[in-house]
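Coordinates from structure22.cif are shown below (mmCIF, C-alpha atoms and all ligand atoms).
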```cif
data_model
#
loop_
_atom_site.label_atom_id
_atom_site.label_comp_id
_atom_site.auth_asym_id
_atom_site.auth_seq_id
_atom_site.Cartn_x
_atom_site.Cartn_y
_atom_site.Cartn_z
CA MET Z 168 27.03 13.94 15.94
CA ASN Z 169 26.59 10.21 15.33
CA LEU Z 170 23.52 8.79 13.67
CA THR Z 171 23.56 5.71 15.85
CA SER Z 172 24.34 5.12 19.50
CA VAL Z 173 25.26 1.78 21.03
CA ASN Z 174 24.70 0.90 24.67
CA LYS Z 175 28.07 -0.74 25.38
CA GLU Z 176 26.77 -2.51 28.47
CA LYS Z 177 24.02 -4.24 26.51
CA CYS Z 178 25.92 -4.83 23.25
CA ILE Z 179 27.17 -8.43 22.86
CA ARG Z 180 29.12 -7.66 19.66
CA CYS Z 181 27.12 -10.22 17.67
CA GLY Z 182 27.54 -8.09 14.55
CA PHE Z 183 23.93 -8.59 13.43
CA CYS Z 184 23.47 -4.83 12.92
CA VAL Z 185 26.61 -4.68 10.77
CA ASN Z 186 25.53 -7.66 8.67
CA VAL Z 187 21.95 -6.59 7.98
CA CYS Z 188 22.77 -3.00 7.04
CA PRO Z 189 22.20 -2.74 3.27
CA GLU Z 190 24.49 0.28 2.93
CA GLN Z 191 27.62 -0.65 4.92
CA VAL Z 192 27.07 2.09 7.46
CA PHE Z 193 29.05 0.10 10.10
CA ILE Z 194 32.09 -2.05 10.62
CA LEU Z 195 32.40 -4.39 13.59
CA GLY Z 196 35.16 -3.11 15.88
CA GLU Z 197 36.49 -4.62 19.10
CA ASP Z 198 33.89 -2.73 21.11
CA GLY Z 199 30.95 -3.43 18.79
CA PRO Z 200 29.57 -1.65 15.71
CA GLU Z 201 31.36 1.51 14.58
CA GLU Z 202 29.65 3.96 12.29
CA VAL Z 203 31.80 4.57 9.21
CA CYS Z 204 29.42 5.80 6.47
CA PRO Z 205 26.40 7.35 8.22
CA GLU Z 206 25.61 9.35 5.08
CA ASN Z 207 24.64 6.05 3.40
CA CYS Z 208 21.90 5.29 5.94
CA LEU Z 209 18.53 4.87 4.22
CA ALA Z 210 16.58 4.76 7.48
CA CYS Z 211 15.34 1.20 7.00
CA GLY Z 212 15.65 0.63 10.77
CA HIS Z 213 17.13 -2.86 10.41
CA CYS Z 214 20.13 -2.19 12.66
CA VAL Z 215 17.80 -1.26 15.52
CA ALA Z 216 15.19 -3.93 14.83
CA VAL Z 217 17.61 -6.87 14.58
CA CYS Z 218 19.51 -6.16 17.80
CA PRO Z 219 18.65 -8.95 20.27
CA LYS Z 220 19.66 -6.79 23.25
CA GLU Z 221 18.06 -3.44 22.40
CA ALA Z 222 21.55 -1.99 22.45
CA MET Z 223 21.35 -0.11 19.15
CA ASP Z 224 19.57 3.16 18.54
CA ASN Z 225 19.40 5.32 15.41
CA ILE Z 226 18.24 8.92 15.21
CA LYS Z 227 16.51 8.19 11.90
CA THR Z 228 14.64 5.14 13.24
CA PRO Z 229 14.46 5.46 17.04
CA LEU Z 230 14.22 2.30 19.13
CA ALA Z 231 11.37 3.96 21.04
CA ASN Z 232 9.26 3.93 17.82
CA GLN Z 233 9.86 0.26 17.07
CA VAL Z 234 7.18 -2.07 18.45
CA SER Z 235 8.39 -5.42 19.81
CA ALA Z 236 7.47 -8.30 17.50
CA LYS Z 237 7.83 -10.88 20.27
CA LYS Z 238 4.30 -10.70 21.64
CA PHE Z 239 2.60 -11.51 18.32
CA PRO Z 240 1.99 -15.17 17.45
CA LYS Z 241 3.22 -16.20 14.00
CA LEU Z 242 0.62 -17.45 11.49
CA SER Z 243 1.06 -21.06 10.44
CA PRO Z 244 1.72 -21.56 6.68
CA GLU Z 245 -1.84 -22.85 6.36
CA GLU Z 246 -3.31 -19.84 8.15
CA ALA Z 247 -1.20 -17.42 6.12
CA GLY Z 248 -2.07 -19.15 2.85
CA ASN Z 249 -5.77 -19.13 3.65
CA PHE Z 250 -5.60 -15.51 4.72
CA LEU Z 251 -3.98 -14.47 1.44
CA ARG Z 252 -6.29 -16.65 -0.66
CA SER Z 253 -9.45 -15.39 1.02
CA ARG Z 254 -9.05 -11.81 -0.23
CA ARG Z 255 -11.49 -11.01 -3.04
CA SER Z 256 -12.07 -7.95 -5.17
CA ILE Z 257 -15.33 -6.55 -3.84
CA ARG Z 258 -17.71 -5.03 -6.36
CA SER Z 259 -20.94 -4.91 -4.33
CA TYR Z 260 -20.94 -2.73 -1.24
CA LYS Z 261 -23.37 -2.00 1.55
CA GLU Z 262 -24.36 1.63 1.92
CA THR Z 263 -23.05 1.57 5.51
CA PRO Z 264 -20.51 4.37 5.88
CA VAL Z 265 -16.96 3.46 6.93
CA SER Z 266 -15.74 5.36 9.97
CA ARG Z 267 -12.83 7.71 9.40
CA GLU Z 268 -10.95 5.88 12.18
CA LYS Z 269 -11.06 2.70 10.09
CA LEU Z 270 -10.00 4.56 6.95
CA ILE Z 271 -7.03 6.01 8.81
CA ASP Z 272 -6.25 2.55 10.15
CA LEU Z 273 -6.14 1.27 6.55
CA VAL Z 274 -3.76 3.90 5.23
CA ASN Z 275 -1.64 3.58 8.34
CA ILE Z 276 -1.00 -0.10 7.55
CA ALA Z 277 -0.54 0.76 3.86
CA HIS Z 278 2.26 3.14 4.74
CA PHE Z 279 4.31 0.33 6.33
CA SER Z 280 4.82 -1.38 2.96
CA PRO Z 281 8.31 -1.70 1.50
CA SER Z 282 9.56 0.84 -1.05
CA GLY Z 283 12.52 1.14 -3.38
CA HIS Z 284 15.53 2.43 -1.40
CA ASN Z 285 13.08 3.03 1.44
CA LEU Z 286 12.14 6.29 -0.27
CA GLN Z 287 8.44 5.80 0.63
CA GLY Z 288 7.05 9.07 -0.74
CA ILE Z 289 3.40 8.06 -0.91
CA SER Z 290 0.58 10.06 0.66
CA TYR Z 291 -3.12 9.29 0.60
CA SER Z 292 -6.26 11.18 -0.29
CA ILE Z 293 -9.39 9.60 1.13
CA ILE Z 294 -12.78 10.35 -0.39
CA ASP Z 295 -15.89 9.27 1.52
CA ASP Z 296 -18.30 11.86 0.16
CA ARG Z 297 -20.99 10.24 -2.01
CA LYS Z 298 -21.53 13.35 -4.14
CA LEU Z 299 -17.83 13.74 -4.85
CA LEU Z 300 -17.55 10.06 -5.79
CA ASP Z 301 -20.52 10.35 -8.15
CA GLN Z 302 -18.94 13.41 -9.75
CA ALA Z 303 -15.69 11.47 -10.18
CA VAL Z 304 -17.46 8.58 -11.92
CA LYS Z 305 -19.21 11.04 -14.24
CA LEU Z 306 -15.92 12.75 -15.08
CA VAL Z 307 -14.18 9.45 -15.79
CA ALA Z 308 -17.03 8.37 -18.09
CA GLU Z 309 -16.86 11.68 -19.95
CA GLU Z 310 -13.09 11.42 -20.40
CA PHE Z 311 -13.39 7.91 -21.82
CA GLU Z 312 -16.14 9.06 -24.16
CA LYS Z 313 -14.00 11.97 -25.40
CA ASP Z 314 -11.25 9.51 -26.26
CA ASN Z 315 -13.58 6.82 -27.59
CA LEU Z 316 -12.24 4.35 -25.05
CA LEU Z 317 -13.70 1.51 -22.95
CA SER Z 318 -17.22 1.88 -24.30
CA GLU Z 319 -18.14 -1.48 -22.70
CA PHE Z 320 -17.55 0.05 -19.25
CA ILE Z 321 -19.43 3.24 -20.00
CA LYS Z 322 -22.49 1.69 -21.66
CA PRO Z 323 -24.09 0.18 -18.49
CA TYR Z 324 -23.41 3.48 -16.70
CA ARG Z 325 -25.08 5.57 -19.41
CA GLU Z 326 -27.94 3.20 -20.11
CA LYS Z 327 -28.77 1.86 -16.64
CA GLY Z 328 -26.88 4.07 -14.21
CA ILE Z 329 -24.70 1.14 -13.11
CA ASP Z 330 -21.42 2.37 -11.63
CA THR Z 331 -18.93 0.22 -13.52
CA ILE Z 332 -16.06 2.55 -12.61
CA LEU Z 333 -16.14 2.66 -8.80
CA ARG Z 334 -18.75 -0.04 -8.23
CA GLY Z 335 -20.83 2.14 -5.92
CA ALA Z 336 -18.13 1.91 -3.22
CA PRO Z 337 -18.69 4.42 -0.39
CA CYS Z 338 -14.97 5.26 -0.20
CA LEU Z 339 -12.05 5.70 -2.53
CA ILE Z 340 -8.45 5.78 -1.41
CA LEU Z 341 -5.95 7.46 -3.70
CA ALA Z 342 -2.21 7.11 -3.46
CA THR Z 343 -0.38 10.26 -4.49
CA ALA Z 344 3.29 11.12 -4.98
CA ASP Z 345 5.38 14.10 -6.01
CA ILE Z 346 5.15 14.70 -9.76
CA ASN Z 347 8.85 13.96 -10.29
CA PHE Z 348 9.04 10.92 -8.02
CA LEU Z 349 10.01 8.06 -10.33
CA ARG Z 350 9.03 5.29 -7.93
CA GLY Z 351 5.54 6.68 -7.30
CA ARG Z 352 3.61 4.00 -9.15
CA GLU Z 353 5.52 0.96 -7.92
CA ASN Z 354 5.56 2.16 -4.30
CA SER Z 355 1.82 2.83 -4.53
CA ILE Z 356 1.18 -0.69 -5.79
CA PHE Z 357 2.94 -2.22 -2.79
CA SER Z 358 1.25 0.16 -0.43
CA LEU Z 359 -2.29 -0.34 -1.71
CA THR Z 360 -1.73 -4.09 -1.83
CA TYR Z 361 -0.98 -3.99 1.90
CA LEU Z 362 -4.19 -2.00 2.31
CA GLU Z 363 -6.20 -4.54 0.32
CA LEU Z 364 -4.87 -7.45 2.35
CA TYR Z 365 -5.47 -5.72 5.66
CA ALA Z 366 -9.00 -4.45 4.86
CA PRO Z 367 -10.83 -7.78 5.50
CA THR Z 368 -9.44 -7.89 9.05
CA LEU Z 369 -11.55 -4.75 9.70
CA GLY Z 370 -14.60 -6.32 8.06
CA LEU Z 371 -13.97 -4.21 4.95
CA GLY Z 372 -13.66 -5.14 1.31
CA SER Z 373 -11.76 -3.42 -1.47
CA CYS Z 374 -11.16 -3.49 -5.20
CA TRP Z 375 -8.35 -2.05 -7.25
CA ALA Z 376 -9.78 0.83 -9.33
CA GLY Z 377 -7.77 0.16 -12.49
CA VAL Z 378 -10.31 1.59 -14.92
CA PHE Z 379 -10.60 4.74 -12.84
CA GLU Z 380 -6.78 5.00 -12.66
CA ARG Z 381 -6.54 5.21 -16.45
CA ILE Z 382 -8.01 8.69 -16.19
CA ALA Z 383 -6.92 9.61 -12.65
CA CYS Z 384 -3.21 8.91 -13.19
CA ARG Z 385 -2.99 11.06 -16.34
CA ASP Z 386 -1.07 14.32 -16.24
CA ASN Z 387 -3.65 17.11 -16.08
CA SER Z 388 -6.45 14.71 -15.14
CA PRO Z 389 -9.63 16.63 -14.24
CA LEU Z 390 -9.75 14.47 -11.11
CA LEU Z 391 -6.71 16.29 -9.72
CA THR Z 392 -8.82 19.44 -9.51
CA LEU Z 393 -11.96 17.63 -8.33
CA PHE Z 394 -10.07 16.04 -5.45
CA ASN Z 395 -8.01 19.10 -4.66
CA ILE Z 396 -4.72 17.29 -5.20
CA PRO Z 397 -1.81 19.72 -4.70
CA LYS Z 398 -0.23 21.00 -7.93
CA ASP Z 399 3.08 19.24 -7.24
CA LYS Z 400 1.45 15.80 -6.80
CA LYS Z 401 0.16 13.14 -9.14
CA ILE Z 402 -2.30 10.29 -8.52
CA THR Z 403 -0.35 7.02 -8.52
CA GLY Z 404 -2.96 4.45 -7.48
CA ALA Z 405 -6.59 4.01 -6.44
CA VAL Z 406 -8.56 1.44 -4.47
CA MET Z 407 -12.29 1.34 -3.65
CA VAL Z 408 -13.27 0.45 -0.08
CA GLY Z 409 -16.48 -0.36 1.77
CA TYR Z 410 -18.40 -3.06 3.62
CA PRO Z 411 -18.95 -6.05 1.32
CA LYS Z 412 -22.55 -6.99 0.59
CA TYR Z 413 -21.65 -10.67 0.16
CA THR Z 414 -19.21 -13.06 1.79
CA TYR Z 415 -17.27 -15.70 -0.13
CA PRO Z 416 -17.28 -19.19 1.38
CA ARG Z 417 -14.51 -20.30 -1.03
CA LEU Z 418 -10.87 -19.38 -1.51
CA VAL Z 419 -9.35 -17.88 -4.66
CA ASP Z 420 -8.36 -20.24 -7.45
CA ARG Z 421 -6.12 -19.29 -10.39
CA ASN Z 422 -4.71 -20.62 -13.62
CA PRO Z 423 -2.43 -23.62 -13.06
CA LEU Z 424 0.84 -22.67 -11.39
CA GLU Z 425 3.76 -22.41 -13.79
CA PHE Z 426 7.34 -22.45 -12.59
CA THR Z 427 10.78 -23.75 -13.40
CA PHE Z 428 14.01 -24.14 -11.44
CA VAL Z 429 16.73 -22.71 -13.61
CA ASP Z 430 19.96 -24.69 -13.40
CA ARG Z 431 23.08 -24.50 -15.47
C1 LIG Z 501 -4.08 -3.49 -11.34
C2 LIG Z 501 -5.49 -3.96 -11.17
C3 LIG Z 501 -6.56 -3.21 -11.67
C4 LIG Z 501 -7.88 -3.63 -11.47
N1 LIG Z 501 -8.90 -2.83 -11.89
C5 LIG Z 501 -10.18 -3.19 -11.65
C6 LIG Z 501 -11.25 -2.32 -11.99
O1 LIG Z 501 -11.08 -1.22 -12.51
N2 LIG Z 501 -12.53 -2.73 -11.74
C7 LIG Z 501 -12.78 -3.94 -11.14
O2 LIG Z 501 -13.95 -4.25 -10.92
N3 LIG Z 501 -11.78 -4.78 -10.79
C8 LIG Z 501 -10.48 -4.43 -11.00
N4 LIG Z 501 -9.46 -5.25 -10.60
C9 LIG Z 501 -9.74 -6.51 -9.92
C10 LIG Z 501 -9.43 -7.73 -10.81
O3 LIG Z 501 -10.39 -7.84 -11.81
C11 LIG Z 501 -9.37 -8.96 -9.88
O4 LIG Z 501 -8.22 -8.87 -9.06
C12 LIG Z 501 -9.36 -10.28 -10.61
O5 LIG Z 501 -10.53 -10.46 -11.36
C13 LIG Z 501 -9.23 -11.45 -9.63
O6 LIG Z 501 -10.25 -11.42 -8.66
P1 LIG Z 501 -9.92 -11.36 -7.10
O7 LIG Z 501 -9.10 -10.12 -6.86
O8 LIG Z 501 -11.23 -11.32 -6.41
O9 LIG Z 501 -9.16 -12.60 -6.77
C14 LIG Z 501 -8.14 -4.85 -10.79
C15 LIG Z 501 -7.08 -5.59 -10.27
C16 LIG Z 501 -5.78 -5.15 -10.43
C17 LIG Z 501 -4.66 -5.94 -9.82
#
```
Once you've parsed the file, please lay out its structure as structure tokens.
Amino acid sequence: MNLTSVNKEKCIRCGFCVNVCPEQVFILGEDGPEEVCPENCLACGHCVAVCPKEAMDNIKTPLANQVSAKKFPKLSPEEAGNFLRSRRSIRSYKETPVSREKLIDLVNIAHFSPSGHNLQGISYSIIDDRKLLDQAVKLVAEEFEKDNLLSEFIKPYREKGIDTILRGAPCLILATADINFLRGRENSIFSLTYLELYAPTLGLGSCWAGVFERIACRDNSPLLTLFNIPKDKKITGAVMVGYPKYTYPRLVDRNPLEFTFVDR
């Protein structure tokens, strides 16, 4: 059975599907695309998505699952730039709980991020239980203390009860991957970056939990047990989420841009 099917009446033999395929699954024959190496297909869905006539279908990425992009207006460069530059790491959160619908919405967008060879392979554990989050912060602090690490982060927590690890966020989203999945970390970074950029559109703020990750991403981390992570999975990324207490009337600024064009 073929992987792809082409509606011959709709197909205009433009060859777009053949050209965009990263794995040479097709050649362009007289009657349109012909599948020659279906075993190479990495299920990226490009052949279906690029077809201007909706003539191509693929069992791995059905046309019926692909939403039309035509109805959505494109952001202007200014709008897109401002959107990207308005994201801030949020470290002060309201106590308002975040609905589970919104949390699912976040990870749903996160899972559309690109991944090496389209292997994807990331799943998410969402923690919105205050007690569990407090226990996690305590465990992380204890682990750092055992190893004599990051005392500057632990001190305000021990002395004043300030949560320097998860910033008092009401939710934590973990990316997890199979223990032996080599692309787990990089795919998680892309995925959680999508999540971070999307969060403000739901009125939410987020912050990468890098300090927390130093303990959470270890093999045999006590957090694996605390969060009930399956034995064959590892934690590959973590982001705090909640409603921001403050809004930022100014866009992000950075060190001066450095770049070169490299010519011969
Ligand atoms: C990989 C990574 C790890 C981070 N870890 C933490 C963290 O543990 N705690 C924290 O408060 N901020 C953390 N941040 C946020 C950075 O401090 C922040 O991105 C930087 O200061 C710039 O601020 P902005 O994101 O608001 O533009 C992390 C960011 C990244 C990309």
Using all atoms listed in the file, find each residue of chain Z with at least one atom at most 7 Å away from an atom of ligand LIG 501 (chain Z); report its shortest atom-to-atom pair and that distance in Å (one decimal), sort the rows by chain and rising residue number, and return the result as CSV.
```
residue,atom,partner,partner_atom,distance
Z:Arg254,CA,Z:LIG501,O8,6.6
Z:Arg255,CA,Z:LIG501,O8,3.4
Z:Ser256,CA,Z:LIG501,O8,3.7
Z:Ile257,CA,Z:LIG501,O8,6.8
Z:Arg258,CA,Z:LIG501,O2,6.0
Z:Ile332,CA,Z:LIG501,O1,6.2
Z:Arg334,CA,Z:LIG501,O2,6.9
Z:Cys374,CA,Z:LIG501,N3,5.8
Z:Trp375,CA,Z:LIG501,C14,4.5
Z:Ala376,CA,Z:LIG501,O1,4.0
Z:Gly377,CA,Z:LIG501,N1,3.3
Z:Val378,CA,Z:LIG501,O1,3.8
Z:Phe379,CA,Z:LIG501,O1,6.0
Z:Val419,CA,Z:LIG501,O9,5.7
```
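Minimum atom-to-atom distances from Z:Thr360, Z:Thr263, Z:Asn275, Z:Thr228 to Leu251 in chain Z were compared using all atoms listed in the file, and the lowest value belongs to Z:Thr360.
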Could you work out an axis-aligned box for range 171-179 of chain Z, taking every atom the file lists and adding 5 Å on each side, and report centre and edge lengths in Å to one decimal, as AutoDock Vina command-line options?
```
--center_x 25.8 --center_y -1.4 --center_z 22.2 --size_x 14.5 --size_y 24.1 --size_z 22.6
```
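CA of Gly283 in chain Z to CA of Asp386 in chain Z spans 22.9 Å [interatomic distance, one decimal].
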Report, in Å to a single decimal, how far apart CA of Met407 in chain Z and CA of Arg252 in chain Z are.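 Spanning CA of Arg252 in chain Z to CA of Met407 in chain Z is a straight-line distance of 19.2 Å.
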For Val274 in chain Z, work out the shell of residues within 10 Å, counting all atoms listed in the file and skipping chain neighbours fewer than 6 positions away, then give it as an MDAnalysis selection string. chainID Z and resid 290:293 340:342 358:359 361:362 365:366
Could those selected residues go to a file with C-alpha atoms, as a PDB file, keeping the file's coordinate frame?
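Everything below was put into out-v4.pdb:
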```pdb
ATOM      1  CA  SER Z 290       0.580  10.060   0.660  1.00  0.00           C
ATOM      2  CA  TYR Z 291      -3.120   9.290   0.600  1.00  0.00           C
ATOM      3  CA  SER Z 292      -6.260  11.180  -0.290  1.00  0.00           C
ATOM      4  CA  ILE Z 293      -9.390   9.600   1.130  1.00  0.00           C
ATOM      5  CA  ILE Z 340      -8.450   5.780  -1.410  1.00  0.00           C
ATOM      6  CA  LEU Z 341      -5.950   7.460  -3.700  1.00  0.00           C
ATOM      7  CA  ALA Z 342      -2.210   7.110  -3.460  1.00  0.00           C
ATOM      8  CA  SER Z 358       1.250   0.160  -0.430  1.00  0.00           C
ATOM      9  CA  LEU Z 359      -2.290  -0.340  -1.710  1.00  0.00           C
ATOM     10  CA  TYR Z 361      -0.980  -3.990   1.900  1.00  0.00           C
ATOM     11  CA  LEU Z 362      -4.190  -2.000   2.310  1.00  0.00           C
ATOM     12  CA  TYR Z 365      -5.470  -5.720   5.660  1.00  0.00           C
ATOM     13  CA  ALA Z 366      -9.000  -4.450   4.860  1.00  0.00           C
TER      14      ALA Z 366
END
```
Figure out the distance between CA of Ser172 in chain Z and CA of Met223 in chain Z, please, to one decimal in Å.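 Calculated distance between CA of Met223 in chain Z and CA of Ser172 in chain Z is 6.0 Å.
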Residues within 9 Å of range 244-250 of chain Z, all atoms listed in the file, excluding chain neighbours under 3 positions, as an mmCIF file with C-alpha atoms, in the frame of the given file:
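See part.cif below for the written result:
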```
data_model
loop_
_atom_site.group_PDB
_atom_site.id
_atom_site.type_symbol
_atom_site.label_atom_id
_atom_site.label_comp_id
_atom_site.auth_asym_id
_atom_site.auth_seq_id
_atom_site.Cartn_x
_atom_site.Cartn_y
_atom_site.Cartn_z
ATOM 1 C CA SER Z 253 -9.450 -15.390 1.020
ATOM 2 C CA ARG Z 254 -9.050 -11.810 -0.230
ATOM 3 C CA LEU Z 364 -4.870 -7.450 2.350
ATOM 4 C CA LEU Z 418 -10.870 -19.380 -1.510
#
```
Counting all atoms listed in the file, find residues at most 10 Å from (20.1, 4.3, 9.5) (file frame) and give them as a VMD selection string. chain Z and resid 170 to 171 188 to 190 192 to 193 202 204 to 215 224 to 229
Pull the closest atom pair for each residue of range 296-353 of chain Z that gets at most 10 Å from range 286-289 of chain Z, along with the distance in Å to one decimal, counting only C-alpha atoms, ordering rows by chain and then ascending residue number, as a tab-separated table.
```
residue	atom	partner	partner_atom	distance
Z:Leu341	CA	Z:Ile289	CA	9.8
Z:Ala342	CA	Z:Ile289	CA	6.2
Z:Thr343	CA	Z:Ile289	CA	5.7
Z:Ala344	CA	Z:Ile289	CA	5.1
Z:Asp345	CA	Z:Gly288	CA	7.5
Z:Phe348	CA	Z:Gly288	CA	7.8
Z:Arg350	CA	Z:Leu286	CA	8.3
Z:Gly351	CA	Z:Ile289	CA	6.9
Z:Arg352	CA	Z:Ile289	CA	9.2
```
Surrounding residues of Glu176 in chain Z excluding itself and chain neighbours under 2 positions, 12 Å, only C-alpha atoms, as a list in words: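 The residues satisfying every condition are Val173, Asn174, Cys178, Ile179, Arg180, Asp198, Gly199, Lys220, Glu221, Ala222 and Met223 of chain Z.
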Counting only C-alpha atoms, figure out which residue out of Z:Asn422, Z:Ser259, Z:Ser373, Z:Asn347 gets nearest to Ile329 in chain Z. Z:Ser259
For Asn395 in chain Z, list every protein, DNA or RNA residue within 12 Å, evaluated using only C-alpha atoms, and leave out those in the same chain fewer than 2 positions away; present the list as a PDB file with C-alpha atoms, keeping the file's coordinate frame.
```
ATOM      1  CA  SER Z 292      -6.260  11.180  -0.290  1.00  0.00           C
ATOM      2  CA  ILE Z 293      -9.390   9.600   1.130  1.00  0.00           C
ATOM      3  CA  ILE Z 294     -12.780  10.350  -0.390  1.00  0.00           C
ATOM      4  CA  LEU Z 299     -17.830  13.740  -4.850  1.00  0.00           C
ATOM      5  CA  LEU Z 341      -5.950   7.460  -3.700  1.00  0.00           C
ATOM      6  CA  THR Z 343      -0.380  10.260  -4.490  1.00  0.00           C
ATOM      7  CA  SER Z 388      -6.450  14.710 -15.140  1.00  0.00           C
ATOM      8  CA  PRO Z 389      -9.630  16.630 -14.240  1.00  0.00           C
ATOM      9  CA  LEU Z 390      -9.750  14.470 -11.110  1.00  0.00           C
ATOM     10  CA  LEU Z 391      -6.710  16.290  -9.720  1.00  0.00           C
ATOM     11  CA  THR Z 392      -8.820  19.440  -9.510  1.00  0.00           C
ATOM     12  CA  LEU Z 393     -11.960  17.630  -8.330  1.00  0.00           C
ATOM     13  CA  PRO Z 397      -1.810  19.720  -4.700  1.00  0.00           C
ATOM     14  CA  LYS Z 398      -0.230  21.000  -7.930  1.00  0.00           C
ATOM     15  CA  ASP Z 399       3.080  19.240  -7.240  1.00  0.00           C
ATOM     16  CA  LYS Z 400       1.450  15.800  -6.800  1.00  0.00           C
ATOM     17  CA  LYS Z 401       0.160  13.140  -9.140  1.00  0.00           C
ATOM     18  CA  ILE Z 402      -2.300  10.290  -8.520  1.00  0.00           C
TER      19      ILE Z 402
END
```
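Closest to His284 in chain Z among Z:Gly335, Z:Asn354, Z:Leu317, Z:Glu312 is Z:Asn354, based on only C-alpha atoms.
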Extract, using all atoms listed in the file, all DNA, RNA and protein residues at most 9 Å from range 268-272 of chain Z, discarding same-chain residues fewer than 4 positions from it, and format them as an mmCIF file with C-alpha atoms, keeping the file's coordinate frame.
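Below you can see around03.cif, which holds the result:
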```
data_model
loop_
_atom_site.group_PDB
_atom_site.id
_atom_site.type_symbol
_atom_site.label_atom_id
_atom_site.label_comp_id
_atom_site.auth_asym_id
_atom_site.auth_seq_id
_atom_site.Cartn_x
_atom_site.Cartn_y
_atom_site.Cartn_z
ATOM 1 C CA ILE Z 276 -1.000 -0.100 7.550
ATOM 2 C CA ALA Z 277 -0.540 0.760 3.860
ATOM 3 C CA ILE Z 293 -9.390 9.600 1.130
ATOM 4 C CA CYS Z 338 -14.970 5.260 -0.200
ATOM 5 C CA ILE Z 340 -8.450 5.780 -1.410
ATOM 6 C CA LEU Z 369 -11.550 -4.750 9.700
ATOM 7 C CA VAL Z 408 -13.270 0.450 -0.080
#
```
Residue among Z:Ile346, Z:Val304, Z:Leu195, Z:Ala405 lying closest to Asn387 in chain Z, counting all atoms listed in the file: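 Under the stated criterion, the closest residue is Z:Ile346.
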